[in-house]
Every structure is written in structure tokens, then in C-alpha cells.
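*Asks:* model_7.txt (compact mmCIF, C-alpha atoms (C1' of nucleotides)) pasted underneath:
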```txt
# COMPACT_ATOMS: atom_id res chain seq x y z
CA MET A 121 56.71 109.22 45.06
CA SER A 122 54.82 110.35 48.13
CA GLU A 123 51.79 108.30 47.11
CA LYS A 124 53.91 105.27 46.47
CA GLU A 125 53.68 105.69 42.76
CA TYR A 126 56.14 106.79 40.17
CA THR A 127 55.90 110.22 38.63
CA TYR A 128 55.49 110.74 34.92
CA LYS A 129 59.02 112.03 34.73
CA GLN A 130 60.43 109.03 36.52
CA GLU A 131 58.62 106.69 34.16
CA ARG A 132 59.69 108.66 31.14
CA LEU A 133 63.31 108.97 32.17
CA ALA A 134 63.47 105.26 32.96
CA ARG A 135 62.03 104.52 29.53
CA TYR A 136 64.71 106.56 27.81
CA ALA A 137 67.46 105.15 30.01
CA LYS A 138 66.33 101.65 29.23
CA ALA A 139 66.48 102.39 25.52
CA LEU A 140 70.04 103.63 25.96
CA GLY A 141 70.99 100.65 28.09
CA ASN A 142 72.89 98.80 25.40
CA PRO A 143 76.22 99.73 23.79
CA ALA A 144 74.90 99.11 20.29
CA ARG A 145 72.13 101.61 20.85
CA ILE A 146 74.53 104.13 22.33
CA ALA A 147 76.72 103.70 19.27
CA ILE A 148 73.71 104.15 17.00
CA MET A 149 72.68 107.37 18.72
CA GLU A 150 76.21 108.75 18.56
CA PHE A 151 76.51 107.86 14.90
CA LEU A 152 73.19 109.48 14.08
CA ALA A 153 74.16 112.56 16.06
CA ALA A 154 77.40 112.85 14.10
CA GLN A 155 75.96 112.13 10.68
CA ASP A 156 72.60 113.85 10.94
CA GLU A 157 71.34 111.61 8.16
CA CYS A 158 72.03 107.94 7.89
CA PHE A 159 70.88 104.86 6.05
CA PHE A 160 70.58 101.49 7.64
CA GLY A 161 73.51 100.09 5.69
CA GLN A 162 76.04 102.68 6.85
CA LEU A 163 74.93 102.11 10.38
CA HIS A 164 75.06 98.37 10.17
CA GLU A 165 78.55 98.25 8.73
CA LYS A 166 79.83 100.13 11.78
CA LEU A 167 78.37 97.72 14.29
CA PRO A 168 79.61 94.28 15.34
CA ILE A 169 76.19 92.70 15.07
CA ALA A 170 74.04 90.97 12.46
CA LYS A 171 71.60 92.84 10.24
CA ALA A 172 68.61 91.41 12.05
CA THR A 173 69.94 92.45 15.43
CA CYS A 174 70.77 95.92 14.19
CA SER A 175 67.26 96.33 12.84
CA GLN A 176 65.92 95.21 16.18
CA HIS A 177 67.93 97.80 18.10
CA LEU A 178 66.72 100.47 15.72
CA SER A 179 63.15 99.37 16.43
CA GLU A 180 63.72 99.71 20.14
CA LEU A 181 65.11 103.20 19.79
CA LYS A 182 62.16 104.04 17.57
CA ASP A 183 59.68 102.59 20.07
CA ALA A 184 61.27 104.68 22.80
CA GLY A 185 60.84 107.70 20.55
CA LEU A 186 64.51 108.56 20.28
CA ILE A 187 64.82 108.09 16.54
CA LYS A 188 62.71 108.16 13.43
CA GLY A 189 62.95 105.90 10.42
CA GLU A 190 61.70 106.62 6.93
CA ILE A 191 61.72 104.33 3.93
CA GLU A 192 63.27 106.05 0.97
CA GLY A 193 63.20 103.96 -2.14
CA LEU A 194 65.23 100.89 -1.48
CA ARG A 195 66.82 102.20 1.67
CA THR A 196 65.69 103.40 5.06
CA ARG A 197 66.85 106.71 6.39
CA TYR A 198 67.20 107.08 10.12
CA CYS A 199 67.57 110.21 12.19
CA ILE A 200 67.22 111.39 15.76
CA ASP A 201 63.73 112.47 16.77
CA GLN A 202 64.53 116.01 17.84
CA ASP A 203 61.40 116.60 19.90
CA ASN A 204 61.75 113.52 22.02
CA TRP A 205 65.51 113.79 22.22
CA ARG A 206 64.96 117.23 23.66
CA GLU A 207 62.71 115.79 26.34
CA CYS A 208 65.18 113.01 27.03
CA LYS A 209 68.00 115.51 27.32
CA LEU A 210 66.07 117.74 29.68
CA LEU A 211 65.00 114.84 31.86
CA PHE A 212 68.57 113.62 32.16
CA GLU A 213 69.88 117.09 32.88
CA GLU A 214 67.28 117.57 35.55
CA PHE A 215 68.12 114.20 37.04
CA ILE A 216 71.84 114.89 36.98
CA ALA A 217 71.23 118.24 38.62
CA LYS A 218 69.88 116.42 41.65
CA CYS A 219 73.28 114.86 42.31
CA PRO A 220 74.64 116.01 45.67
CA CYS A 221 77.80 117.11 43.92
CA ASN A 222 75.91 119.86 42.19
CA ARG A 223 74.81 121.50 45.37
CA LYS A 224 76.69 124.40 46.87
CA ARG A 225 79.26 122.44 48.78
CA GLN A 226 79.73 123.05 52.47
CA PRO A 227 83.28 122.66 53.79
CA ASP A 228 83.97 118.94 54.11
CA GLU A 229 80.41 118.06 53.28
CA CYS A 230 80.99 116.33 49.97
CA GLY A 231 84.10 114.30 49.37
CA CYS A 232 83.74 114.04 45.62
CA LYS A 233 86.26 115.51 43.23
CA CYS A 234 83.95 116.11 40.36
CA GLY A 235 84.66 119.78 39.94
CA CYS A 236 81.41 120.89 41.51
CA GLU A 237 81.24 123.67 44.00
CA MET B 88 83.40 102.04 16.57
CA SER B 89 85.66 102.17 13.54
CA GLU B 90 86.89 98.65 14.25
CA LYS B 91 83.38 97.38 14.70
CA GLU B 92 83.70 97.26 18.44
CA TYR B 93 82.24 99.33 21.19
CA THR B 94 84.41 101.83 23.02
CA TYR B 95 84.94 101.67 26.75
CA LYS B 96 82.81 104.75 27.17
CA GLN B 97 79.97 103.31 25.16
CA GLU B 98 80.00 100.14 27.23
CA ARG B 99 80.20 102.08 30.45
CA LEU B 100 77.46 104.54 29.57
CA ALA B 101 75.20 101.71 28.46
CA ARG B 102 75.82 99.94 31.76
CA TYR B 103 74.79 103.00 33.73
CA ALA B 104 71.81 103.67 31.50
CA LYS B 105 70.67 100.10 31.91
CA ALA B 106 70.86 100.44 35.68
CA LEU B 107 68.70 103.55 35.45
CA GLY B 108 66.26 101.92 33.08
CA ASN B 109 63.56 101.27 35.65
CA PRO B 110 61.34 103.80 37.43
CA ALA B 111 61.95 102.20 40.81
CA ARG B 112 65.67 102.67 40.42
CA ILE B 113 65.23 106.25 39.25
CA ALA B 114 63.11 106.90 42.32
CA ILE B 115 65.74 105.31 44.54
CA MET B 116 68.51 107.46 43.09
CA GLU B 117 66.44 110.63 43.47
CA PHE B 118 65.57 109.77 47.01
CA LEU B 119 69.17 109.06 47.90
CA ALA B 120 70.26 112.29 46.24
CA ALA B 121 67.73 114.25 48.28
CA GLN B 122 68.36 112.53 51.59
CA ASP B 123 72.09 112.02 51.41
CA GLU B 124 71.73 109.24 53.93
CA CYS B 125 69.03 106.66 53.90
CA PHE B 126 68.10 103.32 55.43
CA PHE B 127 66.43 100.57 53.54
CA GLY B 128 63.17 100.97 55.42
CA GLN B 129 62.67 104.64 54.58
CA LEU B 130 63.35 103.83 50.98
CA HIS B 131 61.06 100.86 50.86
CA GLU B 132 58.11 102.66 52.36
CA LYS B 133 58.26 105.19 49.53
CA LEU B 134 58.13 102.60 46.78
CA PRO B 135 55.15 100.65 45.46
CA ILE B 136 57.01 97.34 45.50
CA ALA B 137 57.68 94.48 47.89
CA LYS B 138 60.68 94.40 50.21
CA ALA B 139 62.33 91.65 48.22
CA THR B 140 61.94 93.53 44.98
CA CYS B 141 63.25 96.71 46.53
CA SER B 142 66.30 94.89 47.82
CA GLN B 143 66.83 93.46 44.37
CA HIS B 144 66.76 96.89 42.71
CA LEU B 145 69.23 98.14 45.28
CA SER B 146 71.50 95.26 44.40
CA GLU B 147 71.36 96.19 40.74
CA LEU B 148 72.26 99.77 41.45
CA LYS B 149 75.08 98.53 43.63
CA ASP B 150 76.32 96.14 40.95
CA ALA B 151 76.33 98.99 38.47
CA GLY B 152 78.37 100.99 40.96
CA LEU B 153 75.89 103.80 41.41
CA ILE B 154 75.24 103.27 45.11
CA LYS B 155 76.90 101.82 48.15
CA GLY B 156 75.29 99.89 50.99
CA GLU B 157 76.59 99.46 54.48
CA ILE B 158 75.12 97.40 57.30
CA GLU B 159 74.79 99.47 60.42
CA GLY B 160 73.51 97.50 63.37
CA LEU B 161 70.09 96.25 62.51
CA ARG B 162 69.68 98.45 59.50
CA THR B 163 71.40 99.03 56.18
CA ARG B 164 72.45 102.49 55.16
CA TYR B 165 72.52 103.31 51.47
CA CYS B 166 74.11 106.22 49.71
CA ILE B 167 75.20 107.28 46.24
CA ASP B 168 78.68 106.20 45.23
CA GLN B 169 80.14 109.62 44.52
CA ASP B 170 83.10 108.46 42.46
CA ASN B 171 81.07 106.36 40.07
CA TRP B 172 78.19 108.79 39.98
CA ARG B 173 80.70 111.37 38.86
CA GLU B 174 81.77 109.14 35.99
CA CYS B 175 78.16 108.42 35.12
CA LYS B 176 77.33 112.10 35.15
CA LEU B 177 80.27 113.00 32.95
CA LEU B 178 79.51 110.24 30.46
CA PHE B 179 75.91 111.35 30.16
CA GLU B 180 76.90 114.99 29.80
CA GLU B 181 79.37 114.09 27.10
CA PHE B 182 76.75 112.01 25.35
CA ILE B 183 74.14 114.72 25.58
CA ALA B 184 76.63 117.22 24.23
CA LYS B 185 76.73 115.25 21.00
CA CYS B 186 73.08 116.04 20.32
CA PRO B 187 72.76 118.02 17.10
CA CYS B 188 70.79 120.65 19.01
CA ASN B 189 73.92 121.57 20.89
CA ARG B 190 75.80 122.53 17.79
CA LYS B 191 75.99 126.06 16.51
CA ARG B 192 72.84 126.12 14.48
CA GLN B 193 72.93 127.18 10.86
CA PRO B 194 69.86 128.97 9.52
CA ASP B 195 67.16 126.34 8.91
CA GLU B 196 69.53 123.50 9.65
CA CYS B 197 67.99 122.23 12.83
CA GLY B 198 64.27 122.32 13.35
CA CYS B 199 64.34 121.63 17.07
CA LYS B 200 62.97 124.07 19.60
CA CYS B 201 65.11 123.03 22.50
CA GLY B 202 66.60 126.40 23.22
CA CYS B 203 69.97 125.58 21.71
CA GLU B 204 71.73 127.91 19.36
C1' DG C 163 59.86 89.83 -15.94
C1' DT C 164 63.77 88.09 -13.70
C1' DT C 165 67.46 89.22 -10.75
C1' DC C 166 69.73 92.06 -7.34
C1' DT C 167 69.86 95.04 -3.37
C1' DT C 168 68.22 96.58 0.96
C1' DG C 169 66.02 96.04 5.23
C1' DT C 170 62.39 93.91 7.96
C1' DT C 171 60.15 90.07 10.02
C1' DC C 172 59.97 85.22 11.64
C1' DG C 173 61.35 81.49 14.43
C1' DC C 174 64.23 80.04 17.61
C1' DA C 175 67.42 79.66 21.73
C1' DA C 176 69.75 81.36 25.69
C1' DA C 177 70.05 84.58 29.13
C1' DG C 178 68.40 88.28 32.02
C1' DA C 179 64.77 91.23 34.34
C1' DT C 180 60.83 91.80 37.31
C1' DA C 181 57.96 90.60 40.86
C1' DC C 182 56.28 88.13 44.93
C1' DG C 183 55.93 85.47 49.41
C1' DA C 184 58.35 82.51 52.38
C1' DA C 185 62.34 81.38 54.69
C1' DC C 186 66.43 82.91 56.58
C1' DA C 187 70.26 85.51 59.13
C1' DT C 188 71.52 88.86 62.33
C1' DA C 189 71.22 92.43 65.71
C1' DT C 190 68.50 94.39 69.29
C1' DT C 191 65.06 94.13 73.06
C1' DT C 192 62.66 91.99 76.52
C1' DA D 61 66.92 82.54 76.07
C1' DA D 62 62.99 84.09 73.56
C1' DA D 63 60.83 87.48 70.90
C1' DT D 64 61.10 91.29 67.70
C1' DA D 65 62.80 94.16 64.01
C1' DT D 66 65.34 94.73 59.75
C1' DG D 67 66.96 93.31 55.43
C1' DT D 68 68.72 89.67 52.39
C1' DT D 69 68.38 85.44 49.98
C1' DC D 70 65.74 81.55 47.98
C1' DG D 71 62.49 79.54 45.02
C1' DT D 72 59.28 80.33 41.64
C1' DA D 73 56.75 82.29 37.77
C1' DT D 74 56.42 85.15 33.93
C1' DC D 75 57.99 88.19 30.71
C1' DT D 76 61.64 90.66 28.09
C1' DT D 77 66.09 91.10 25.87
C1' DT D 78 69.68 89.79 22.91
C1' DG D 79 71.34 87.42 19.28
C1' DC D 80 71.43 84.75 14.93
C1' DG D 81 70.23 82.74 10.32
C1' DA D 82 66.61 82.06 7.15
C1' DA D 83 62.77 83.63 4.86
C1' DC D 84 60.40 87.42 3.17
C1' DA D 85 58.82 92.03 0.90
C1' DA D 86 59.57 95.74 -2.09
C1' DG D 87 61.97 98.86 -4.95
C1' DA D 88 65.74 99.17 -8.57
C1' DA D 89 68.31 97.46 -12.35
C1' DC D 90 69.02 94.58 -16.08
```
What would you get if you wrote out this structure as C-alpha cells?

*Replies:*
Amino acid sequence: MSEKEYTYKQERLARYAKALGNPARIAIMEFLAAQDECFFGQLHEKLPIAKATCSQHLSELKDAGLIKGEIEGLRTRYCIDQDNWRECKLLFEEFIAKCPCNRKRQPDECGCKCGCE
Amino acid sequence: MSEKEYTYKQERLARYAKALGNPARIAIMEFLAAQDECFFGQLHEKLPIAKATCSQHLSELKDAGLIKGEIEGLRTRYCIDQDNWRECKLLFEEFIAKCPCNRKRQPDECGCKCGCE
DNA sequence: GTTCTTGTTCGCAAAGATACGAACATATTT
DNA sequence: AAATATGTTCGTATCTTTGCGAACAAGAAC
């Protein structure tokens, strides 16, 4: 940021955040996390959107690297991409750790009630 | 999700993620977290974008509830909105906790190398 | 070899995001 | 009062996102 450019991590985190910036895609990620394995159909029947739109959201998550899709006969099996999800997770954790609330709080310094100390 | 609708948390998390889905806005949040207090000018001179664009990104973060802005004489002071940032943080932590890697791992169940167990 | 099932891709429309310079509003200095 | 400094808003252009139905491709079943 000192050279007026974004760091790799900032770009990467923003990319992941963007991919998660839609409730349908959040729902997809949560469903995949809970199921571990999942075909398109199961996923689609849980979402209030058309097939085409669902497929599109899956493509976006795939482009961002968060999930993987694999054709299996007539169906397509989707799952979380563990390697990239790990990076995403770490980037978010690192980002969250920069929140003032996570610092050792001086008396009266931070008015938040988030349980930090 | 069972009634084919998104939960409040999914909508909320997606809203925050969307707001963070741009490297400029990530950089702004990190800068605000590090500085605690910050005027527009300091912020702008660290970013590779025009004043107008910078102001626009600040508006988006403000609309999402992540930051607050306050005119102070000639300048505008920005800071993180602690209450909403707390919600954002908790939502992300909860979401991240649903990652398969965070579960107690059975032998050979999860191929990830993210340090979970 | 049709027909059915399952998902993807296409084509389209509406809305939103990103970026910029110019113009503006407002507070401070001169 | 005029000039300066600091940000915001306006107008514009371009691109992306979101959504849908219809058409399509490919494997499975009959």
C-alpha cells in the first residue's frame, strides 16, 4: 500500500470476498460444507433461484477457486476446494485479526463490546 | 434455507462480503484498523485511485455499515464502525467455522493440510 | 435409436459497480 | 471579500452482475 498499489493478499482477499458477496453463494458454500459431497440437483432444490442462475453462481465460486466441480455420469458433483478454502480462511482470519477490538485493550480505549480484551 | 429462502445471517454476511469485495476497500479497512483515526486525505494518498473514486468506495463501506464518517472542520474523519464490525467479524468466524477442515478429522477423511485436526 | 434426465450455455434485459474529471459546497486563511 | 484547501456530488462511460427462459449437449434408460 506504501507504493500506492494493492498487495497480493489484498487482491486475493477481495477476490474471495467478492465471490462470497451474494447470499446464494453463501448458502451454497454452507451447504457444501455441511454435506461434503453434493450434486447440482440437491443444491438447486434448496435455493430460491432458477437452474441457470444456480449454475452461474457455481461457476463464479469455481472461478474464484472456492469450489470444484466434476462431471460424474449424468450428474455433476461439487465440493469445496480445500486448498483454496484454506487460503481464503487464513486471509480472512488475518484480516479479522487486524480489527482494533482484537488488540490488548487499554482502559477506555475501545468502546466495543465484542468480548475482546 | 429449508424453505428456499436465505437466512438473515446469510444475507448479512453476503452484504459485508460484497462490501469487502474490492482491493481498495480492503486497503481502506486495513488502514483504518491500523490508524484508528484517519482523514480522507491520508487515506486517499495511499490509494492508487482518484479522489472521486476513493470517496465512492468510502460511501460503499459506509452504506454497508463497516465504517463511519464525520465532518470535522475542513476535513472528514473516518473510522471503523465497531458495532457492525463486530457483527461482521462474528458472522465470518461462524462461517469459517463451518469449513470441513475445522471438524474433528477422521483418518483419511479430509485431505487438507490446513493445520486443523 | 428414441426418449428422459441432468446440467450447462446462450441470449437477453435490468440493475449495479468502477473509474474519471469537472463542478460544486463548505470551512479556513489571507 | 477573495483565495485556498478539503471532500462530495454530478455526469459520463464502460463493464460486470444478476436473473430468467429457451435451447442445447451428453449420459442413462427404455

*Asks:* Find the residues around range 64-68 of chain D up to 8 Å (all atoms listed in the file counted), leave out those fewer than 2 positions away in its own chain, and share them as a short mmCIF file (atom, residue, chain, number, x, y, z; two decimals) with C-alpha atoms (C1' of nucleotides), in the coordinates of the input.

*Replies:*
```
data_model
loop_
_atom_site.label_atom_id
_atom_site.label_comp_id
_atom_site.auth_asym_id
_atom_site.auth_seq_id
_atom_site.Cartn_x
_atom_site.Cartn_y
_atom_site.Cartn_z
CA PHE B 127 66.43 100.57 53.54
CA GLY B 128 63.17 100.97 55.42
CA ALA B 139 62.33 91.65 48.22
CA SER B 142 66.30 94.89 47.82
CA LEU B 161 70.09 96.25 62.51
CA ARG B 162 69.68 98.45 59.50
CA THR B 163 71.40 99.03 56.18
"C1'" DT C 190 68.50 94.39 69.29
"C1'" DT C 191 65.06 94.13 73.06
#
```

*Asks:* Given a cut-off of 12 Å, which residues of chain A touch chain C, counting only C-alpha atoms (C1' of nucleotides), written out as an MDAnalysis selection string?

*Replies:* chainID A and resid 138 159:164 170:176 178:179 189:197

*Asks:* Just C-alpha atoms for this one: save the residues we selected as a PDB file, in the coordinates of the input.

*Replies:*
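Generated output (part.pdb):
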```pdb
ATOM      1  CA  LYS A 138      66.330 101.650  29.230  1.00  0.00           C
ATOM      2  CA  PHE A 159      70.880 104.860   6.050  1.00  0.00           C
ATOM      3  CA  PHE A 160      70.580 101.490   7.640  1.00  0.00           C
ATOM      4  CA  GLY A 161      73.510 100.090   5.690  1.00  0.00           C
ATOM      5  CA  GLN A 162      76.040 102.680   6.850  1.00  0.00           C
ATOM      6  CA  LEU A 163      74.930 102.110  10.380  1.00  0.00           C
ATOM      7  CA  HIS A 164      75.060  98.370  10.170  1.00  0.00           C
ATOM      8  CA  ALA A 170      74.040  90.970  12.460  1.00  0.00           C
ATOM      9  CA  LYS A 171      71.600  92.840  10.240  1.00  0.00           C
ATOM     10  CA  ALA A 172      68.610  91.410  12.050  1.00  0.00           C
ATOM     11  CA  THR A 173      69.940  92.450  15.430  1.00  0.00           C
ATOM     12  CA  CYS A 174      70.770  95.920  14.190  1.00  0.00           C
ATOM     13  CA  SER A 175      67.260  96.330  12.840  1.00  0.00           C
ATOM     14  CA  GLN A 176      65.920  95.210  16.180  1.00  0.00           C
ATOM     15  CA  LEU A 178      66.720 100.470  15.720  1.00  0.00           C
ATOM     16  CA  SER A 179      63.150  99.370  16.430  1.00  0.00           C
ATOM     17  CA  GLY A 189      62.950 105.900  10.420  1.00  0.00           C
ATOM     18  CA  GLU A 190      61.700 106.620   6.930  1.00  0.00           C
ATOM     19  CA  ILE A 191      61.720 104.330   3.930  1.00  0.00           C
ATOM     20  CA  GLU A 192      63.270 106.050   0.970  1.00  0.00           C
ATOM     21  CA  GLY A 193      63.200 103.960  -2.140  1.00  0.00           C
ATOM     22  CA  LEU A 194      65.230 100.890  -1.480  1.00  0.00           C
ATOM     23  CA  ARG A 195      66.820 102.200   1.670  1.00  0.00           C
ATOM     24  CA  THR A 196      65.690 103.400   5.060  1.00  0.00           C
ATOM     25  CA  ARG A 197      66.850 106.710   6.390  1.00  0.00           C
TER      26      ARG A 197
END
```

*Asks:* Select residues of chain A: the criterion is any atom within 9 Å of an atom of chain B, counting only C-alpha atoms; output as a ChimeraX atom specification.

*Replies:* /A:121-127,129-147,149-150,153-154,156,165-169,200,202-203,205-207,209-210,212-213,215-216,218-221,230-234

*Asks:* Could you turn the residues from that selection into a file that holds C-alpha atoms, as a compact mmCIF listing (two decimals), keeping the file's coordinate frame?

*Replies:*
```txt
# COMPACT_ATOMS: atom_id res chain seq x y z
CA MET A 121 56.71 109.22 45.06
CA SER A 122 54.82 110.35 48.13
CA GLU A 123 51.79 108.30 47.11
CA LYS A 124 53.91 105.27 46.47
CA GLU A 125 53.68 105.69 42.76
CA TYR A 126 56.14 106.79 40.17
CA THR A 127 55.90 110.22 38.63
CA LYS A 129 59.02 112.03 34.73
CA GLN A 130 60.43 109.03 36.52
CA GLU A 131 58.62 106.69 34.16
CA ARG A 132 59.69 108.66 31.14
CA LEU A 133 63.31 108.97 32.17
CA ALA A 134 63.47 105.26 32.96
CA ARG A 135 62.03 104.52 29.53
CA TYR A 136 64.71 106.56 27.81
CA ALA A 137 67.46 105.15 30.01
CA LYS A 138 66.33 101.65 29.23
CA ALA A 139 66.48 102.39 25.52
CA LEU A 140 70.04 103.63 25.96
CA GLY A 141 70.99 100.65 28.09
CA ASN A 142 72.89 98.80 25.40
CA PRO A 143 76.22 99.73 23.79
CA ALA A 144 74.90 99.11 20.29
CA ARG A 145 72.13 101.61 20.85
CA ILE A 146 74.53 104.13 22.33
CA ALA A 147 76.72 103.70 19.27
CA MET A 149 72.68 107.37 18.72
CA GLU A 150 76.21 108.75 18.56
CA ALA A 153 74.16 112.56 16.06
CA ALA A 154 77.40 112.85 14.10
CA ASP A 156 72.60 113.85 10.94
CA GLU A 165 78.55 98.25 8.73
CA LYS A 166 79.83 100.13 11.78
CA LEU A 167 78.37 97.72 14.29
CA PRO A 168 79.61 94.28 15.34
CA ILE A 169 76.19 92.70 15.07
CA ILE A 200 67.22 111.39 15.76
CA GLN A 202 64.53 116.01 17.84
CA ASP A 203 61.40 116.60 19.90
CA TRP A 205 65.51 113.79 22.22
CA ARG A 206 64.96 117.23 23.66
CA GLU A 207 62.71 115.79 26.34
CA LYS A 209 68.00 115.51 27.32
CA LEU A 210 66.07 117.74 29.68
CA PHE A 212 68.57 113.62 32.16
CA GLU A 213 69.88 117.09 32.88
CA PHE A 215 68.12 114.20 37.04
CA ILE A 216 71.84 114.89 36.98
CA LYS A 218 69.88 116.42 41.65
CA CYS A 219 73.28 114.86 42.31
CA PRO A 220 74.64 116.01 45.67
CA CYS A 221 77.80 117.11 43.92
CA CYS A 230 80.99 116.33 49.97
CA GLY A 231 84.10 114.30 49.37
CA CYS A 232 83.74 114.04 45.62
CA LYS A 233 86.26 115.51 43.23
CA CYS A 234 83.95 116.11 40.36
```

*Asks:* In Å, with one decimal, what is the gap from CA of Glu157 in chain A to CA of Lys188 in chain A?

*Replies:*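 Interatomic distance here is 10.7 Å.
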
*Asks:* In Å to one decimal, how far is CA of Glu147 in chain B from CA of Lys182 in chain A?

*Replies:*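 Interatomic distance, CA of Lys182 in chain A to CA of Glu147 in chain B: 26.1 Å.
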
*Asks:* Which residue out of A:Ala184, A:His177, A:Tyr198, A:Cys158 has the minimum interatomic distance to chain D when all atoms listed in the file are used?

*Replies:* A:His177

*Asks:* Report, in Å to a single decimal, how far apart CA of Asp183 in chain A and C1' of DG87 in chain D are.

*Replies:*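 Straight-line distance from C1' of DG87 in chain D to CA of Asp183 in chain A works out to 25.4 Å.
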
*Asks:* As lines of an AutoDock Vina configuration file, please: the centre and edge lengths in Å, to one decimal, of an axis-aligned box enclosing every listed atom of range 163-176 of chain C with 8 Å added on each side.

*Replies:*
```
center_x = 64.9
center_y = 88.1
center_z = 4.9
size_x = 26.0
size_y = 32.9
size_z = 57.6
```

*Asks:* Kindly determine which residues of chain D lie within 10 Å of chain A, considering only C-alpha atoms (C1' of nucleotides), and give the answer as a list of chain:residue names.

*Replies:*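 Filtering chain D at 10 Å from chain A with only C-alpha atoms (C1' of nucleotides) gives D:DT78, D:DG79, D:DC80, D:DG81, D:DA86, D:DG87, D:DA88.
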
*Asks:* Restricting it to C-alpha atoms (C1' of nucleotides), dump the selection as a PDB file, keeping the file's coordinate frame.

*Replies:*
```pdb
ATOM      1  C1'  DT D  78      69.680  89.790  22.910  1.00  0.00           C
ATOM      2  C1'  DG D  79      71.340  87.420  19.280  1.00  0.00           C
ATOM      3  C1'  DC D  80      71.430  84.750  14.930  1.00  0.00           C
ATOM      4  C1'  DG D  81      70.230  82.740  10.320  1.00  0.00           C
ATOM      5  C1'  DA D  86      59.570  95.740  -2.090  1.00  0.00           C
ATOM      6  C1'  DG D  87      61.970  98.860  -4.950  1.00  0.00           C
ATOM      7  C1'  DA D  88      65.740  99.170  -8.570  1.00  0.00           C
TER       8       DA D  88
END
```
